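This report refers to the structure that appears directly beneath it.
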Amino acid sequence: MLWKGQNNFGQKGNINKKLAENHVKAVEIKAVIDELFELGKVENWFRPSAIYRFFPAYREGNSIHILDSETKKTIIETFNFPRQE
C-alpha cells in the first residue's frame, strides 16, 4: 500500500490502467486504501524514521560482505543474493 505502483490491490493486470479506465473493483479498493491511509495519518499509525550509514563493503559472487568501519578488514555481515533461475 505504501509503495506507489508496486501493489495491484489483489487485481490482475496494470492497476494504473484499470484506475484510469474507472474499473469498478480497482476504484473501490483504492478508495478503501486511501481512506485507511488518511485515517492512519490522522491517528498517527505511521511513525516513519530512518537511519543510514555507509559501510565499506565488497562483492564476492552473489554475496555482499559488509566490513567493520575501523579495520576495514573484518566482515561484520554478509548478505546473500542468490540468482533467480
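Residue names in the C-alpha cells use chain letters A, B, ... in the order shown, residue numbers from 1 in each chain, and ligand numbers from 1 in the order shown.
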
Would you please extract all strand (DSSP E) residues from chain A, as assigned by DSSP on the backbone, and give them as a JSON list (two decimals) with C-alpha atoms, in the first residue's frame?
```
[["chain", "number", "residue", "atom", "x", "y", "z"],
["A", 57, "ALA", "CA", 31.84, -3.39, 1.51],
["A", 58, "TYR", "CA", 32.79, -5.63, -1.34],
["A", 59, "ARG", "CA", 31.09, -8.15, -3.59],
["A", 60, "GLU", "CA", 32.05, -11.78, -3.83],
["A", 63, "SER", "CA", 27.18, -12.00, -1.82],
["A", 64, "ILE", "CA", 27.98, -8.59, -0.40],
["A", 65, "HIS", "CA", 30.32, -8.50, 2.59],
["A", 66, "ILE", "CA", 29.98, -5.55, 4.96],
["A", 67, "LEU", "CA", 33.23, -4.64, 6.71],
["A", 75, "ILE", "CA", 33.46, -8.93, 7.89],
["A", 76, "ILE", "CA", 30.59, -7.95, 10.20],
["A", 77, "GLU", "CA", 27.71, -9.09, 7.97],
["A", 78, "THR", "CA", 27.14, -10.91, 4.71],
["A", 79, "PHE", "CA", 24.07, -10.56, 2.51],
["A", 80, "ASN", "CA", 23.46, -13.34, 0.01]]
```

Subject >> All helix (DSSP H, G or I) positions in chain A, as a PyMOL selection string >> reply: chain A and resi 15-20+24-42

Original post:
atom CA of Phe46 of chain A to atom CA of Val27 of chain A: how many Å, to one decimal?
Top reply: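 Taking atom CA of Phe46 of chain A as the start and atom CA of Val27 of chain A as the end point, the length is 23.9 Å.
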
**OP:** Could you check how far atom CA of Ile15 of chain A sits from atom CA of Val42 of chain A, in Å to one decimal?
**Re:**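 If I compute the distance from atom CA of Ile15 of chain A to atom CA of Val42 of chain A, I get 26.5 Å.
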